[in-house]
Amino acid sequence: MPKASTRRTGVRKAISLLDIPLYRDYTFAFFSEAAIKLCTGKDLDELNQQTLNDIIVGVSNCIREEIEKLRTRNIDPCNTVPVPTTGNDPRDKMSLCHAYKTLTDFSMGVKHESFVLPSAFSLEFTEFTRSFMGSGKPKREIFIIDEEVLALAVLGSYLTHSYAIGGEYGYIYIDVVPYILALERVRKMNSIARRLIYTIQKNEGSINTILLGIATAARLSIKEFIKDVARSDFHVIANFLRMSRTGTKVMVKGFDSIDVIQLVKIIGRGGIAGALYRMLARYPKTNFTSLRRFIEMVSINLIKFQSFRKPQYIYEILRYLTSDELNREGAQWYVKKNGEGLGWSDIVNRFSNLSRLVS
């Protein structure tokens with residue numbers, strides 16, 4: 001993607017909302033696109049002079065809804081910053097409250113100031129790979145942005161934020177291409193994925209299990225559209241960004257953009273979406289070693305099965321279900337509360353359906 005004037009030296013024009021598509025490989029563009037998609041259903045490429053005001057009004061309404069939700073939970077939306085910051089960052093401009101005011105003003109023709117883009121939003125996704133390219137340190141560019149660009153990125157980071165654990169901040173955005181789902185369905189899918197990833201990460205699950213969680217969230221949300229997705233050239237793109245703050249610096253730890261559609265199809269055909277959700281939403285504690293091993297093995301084997309289609313990967317899962325230790329731990333950890341949810345016996349029954357994949 002060309003950078004237009006981003007490589008020029010000297011004084012540069014501030015980046016405006018209409019300039020965002022030129023900066024797709026930067027975090028502020030990623031977050032901005034997520035905000036536009038999750039709030040209006042529009043693509044970043046649809047951002048132009050004719051659509052700009054309608055999109056910003058839609059985004060402003062979305063921020064207002066999120067602010068109201070936070071207040072009902074007794075969380076101050078004016079003092080919550082969804083990205084790691086440094087001492088040089090304007091934290092007072094990086095909350096939902098300020099984002100709402102800025103974009104509302106913009107929709108009414110009020111212009112705010114321009115300033116240096118905060119560190120967490122100025123990162124390149126390729127920056128974290130440069131450690132393999134010799135001893136030289138990457139020189140980060142300094143961008144001047146219009147304040148409404150920051151407001152859009154702040155909202156996107158809030159809507160995609162999944163966890164802040166051990167100094168690492170994780171963000172997930174799932175995109176369905178082509179866009180066949182209602183906007184509320186897309187929001188629900190992303191919300192489920194964020195909750196599952198938080199639980200998995202908190203309990204030190206693997207990246208394979210995180211991918212399984214994302215695919216599970218997608219399968220539960222797509223539901224009646226799964227046949228259309230299976231028959232057509234559809235994609236479920238999982239965008240997973242990790243950042244961390246080290247001293248006075250914010251760095252990209254990793255950025256993955258992976259099509260999980262085949263995994264979604266396998267989960268659907270195997271009839272295990274509900275069982276996976278139950279297991280991942282209550283990822284077991286460290287002393288449940290057999291149960292944790294089973295979840296990780298399911299993740300790895302389903303990913304292998306999608307690539308190689310070898311029955312052995314499904315048989316290994318089914319054989320593990322006969323383990324006495326696994327069933328003892330499962331019965332202890334997955335217990336129905338007030339008769340609701342799936343108990344361990346229900347989960348085992350759902351997993352027995354995996355035999356469909358190799359019959």
# chains A, B, ... in the order shown; residues from 1 in each chain; ligands from 1
>>> select_by_dssp(residues="stretch 73-243 of chain A", states="strand (DSSP E or B)", output="MDAnalysis selection string")
chainID A and resid 114:116 124 144:146 161:165 168:177 235:243
>>> write_last_selection(atoms="C-alpha atoms", output="short mmCIF file (atom, residue, chain, number, x, y, z; two decimals), in the first residue's frame")
data_model
loop_
_atom_site.label_atom_id
_atom_site.label_comp_id
_atom_site.auth_asym_id
_atom_site.auth_seq_id
_atom_site.Cartn_x
_atom_site.Cartn_y
_atom_site.Cartn_z
CA SER A 114 -3.69 18.69 15.10
CA PHE A 115 -0.87 17.06 17.07
CA VAL A 116 1.62 14.20 17.15
CA GLU A 124 3.79 -0.39 12.00
CA ILE A 144 0.86 14.75 12.70
CA ILE A 145 -2.84 13.92 12.82
CA ASP A 146 -6.15 15.69 13.06
CA HIS A 161 -9.67 -4.68 23.21
CA SER A 162 -9.69 -8.19 24.69
CA TYR A 163 -7.17 -8.21 27.54
CA ALA A 164 -4.36 -6.45 29.36
CA ILE A 165 -2.43 -9.19 31.13
CA GLU A 168 0.58 -7.34 27.11
CA TYR A 169 -2.47 -5.76 25.48
CA GLY A 170 -4.48 -7.91 23.07
CA TYR A 171 -6.95 -6.76 20.41
CA ILE A 172 -9.14 -8.93 18.18
CA TYR A 173 -11.24 -7.98 15.18
CA ILE A 174 -13.05 -10.58 13.07
CA ASP A 175 -14.13 -9.61 9.59
CA VAL A 176 -16.49 -11.64 7.39
CA VAL A 177 -15.87 -11.19 3.66
CA HIS A 235 -13.71 -15.76 4.42
CA VAL A 236 -13.63 -15.22 8.17
CA ILE A 237 -10.54 -13.13 8.81
CA ALA A 238 -9.22 -13.06 12.37
CA ASN A 239 -7.01 -10.02 13.01
CA PHE A 240 -5.13 -10.41 16.28
CA LEU A 241 -2.85 -7.62 17.49
CA ARG A 242 -0.62 -7.73 20.57
CA MET A 243 1.19 -4.72 22.03
#
>>> atom_distance(atom1="atom CA of A:Leu47", atom2="atom CA of A:Phe121")
19.5 Å
>>> closest_residue(among="A:Pro82, A:Pro178, A:Gly247, A:Gly271", to="A:Val348", atoms="only C-alpha atoms")
A:Gly271
>>> residues_around(residues="stretch 24-30 of chain A", least_positions_apart="6", cutoff="8 Å", atoms="only C-alpha atoms", output="count of residues only")
11
>>> residues_around(residues="A:Ile200", least_positions_apart="2", cutoff="8 Å", atoms="only C-alpha atoms", output="list of chain:residue names")
A:Leu196, A:Ile197, A:Tyr198, A:Lys202, A:Asn203, A:Glu204, A:Gly205, A:Ser206, A:Thr209, A:Ile210, A:Leu280, A:Ala281, A:Tyr283
>>> closest_residue(among="A:Ala273, A:Met189, A:Val250, A:Val110", to="A:Gly167", atoms="only C-alpha atoms")
A:Val250
>>> atom_distance(atom1="atom CA of A:Glu325", atom2="atom CA of A:Ile295")
13.9 Å
>>> residues_around(residues="A:Asp89", least_positions_apart="6", cutoff="9 Å", atoms="only C-alpha atoms", output="ChimeraX atom specification")
/A:116-119
>>> closest_residue(among="A:Glu65, A:Asp324, A:Asp19, A:Glu184", to="A:Ser32", atoms="only C-alpha atoms")
A:Asp19
>>> closest_residue(among="A:Lys310, A:Arg282, A:Lys223, A:Lys42", to="A:Arg195", atoms="only C-alpha atoms")
A:Arg282
>>> atom_distance(atom1="atom CA of A:Glu33", atom2="atom CA of A:Thr104")
18.3 Å
>>> residues_around(residues="A:Ile67", least_positions_apart="3", cutoff="12 Å", atoms="only C-alpha atoms", output="PDB file with C-alpha atoms, in the first residue's frame")
ATOM      1  CA  SER A  60     -20.532   9.001  17.303  1.00  0.00           C
ATOM      2  CA  ASN A  61     -23.792   7.211  18.104  1.00  0.00           C
ATOM      3  CA  CYS A  62     -21.796   4.035  18.665  1.00  0.00           C
ATOM      4  CA  ILE A  63     -19.490   5.796  21.149  1.00  0.00           C
ATOM      5  CA  ARG A  64     -22.487   7.203  23.016  1.00  0.00           C
ATOM      6  CA  LEU A  70     -19.819   1.658  30.898  1.00  0.00           C
ATOM      7  CA  ARG A  71     -21.722   3.986  33.193  1.00  0.00           C
ATOM      8  CA  THR A  72     -24.320   1.314  33.968  1.00  0.00           C
ATOM      9  CA  ARG A  73     -21.364  -0.841  35.090  1.00  0.00           C
ATOM     10  CA  ASN A  74     -20.021   2.025  37.239  1.00  0.00           C
ATOM     11  CA  ILE A  75     -16.933   2.408  35.021  1.00  0.00           C
ATOM     12  CA  ASP A  76     -15.758   5.930  34.241  1.00  0.00           C
ATOM     13  CA  PRO A  77     -15.598   6.245  30.426  1.00  0.00           C
ATOM     14  CA  CYS A  78     -13.700   9.515  30.773  1.00  0.00           C
ATOM     15  CA  ASN A  79     -10.797   7.933  32.614  1.00  0.00           C
ATOM     16  CA  THR A  80     -10.386   4.660  30.710  1.00  0.00           C
ATOM     17  CA  SER A  95     -10.764   8.338  26.344  1.00  0.00           C
ATOM     18  CA  LEU A  96     -14.199   7.525  24.936  1.00  0.00           C
ATOM     19  CA  CYS A  97     -15.604  10.751  26.363  1.00  0.00           C
ATOM     20  CA  HIS A  98     -13.131  12.896  24.495  1.00  0.00           C
ATOM     21  CA  ALA A  99     -13.535  10.802  21.335  1.00  0.00           C
ATOM     22  CA  TYR A 100     -17.297  11.319  21.470  1.00  0.00           C
ATOM     23  CA  LYS A 101     -16.970  15.092  21.880  1.00  0.00           C
ATOM     24  CA  LEU A 155     -12.957   3.955  19.676  1.00  0.00           C
ATOM     25  CA  TYR A 158     -11.831   0.096  22.789  1.00  0.00           C
ATOM     26  CA  LEU A 159     -14.155  -2.038  20.632  1.00  0.00           C
TER      27      LEU A 159
END
>>> closest_residue(among="A:Met279, A:Ile272, A:Arg91, A:Glu316", to="A:Asn353", atoms="only C-alpha atoms")
A:Ile272
>>> closest_residue(among="A:Gly270, A:Gly254, A:Pro284, A:Pro21", to="A:Ser352", atoms="only C-alpha atoms")
A:Gly270
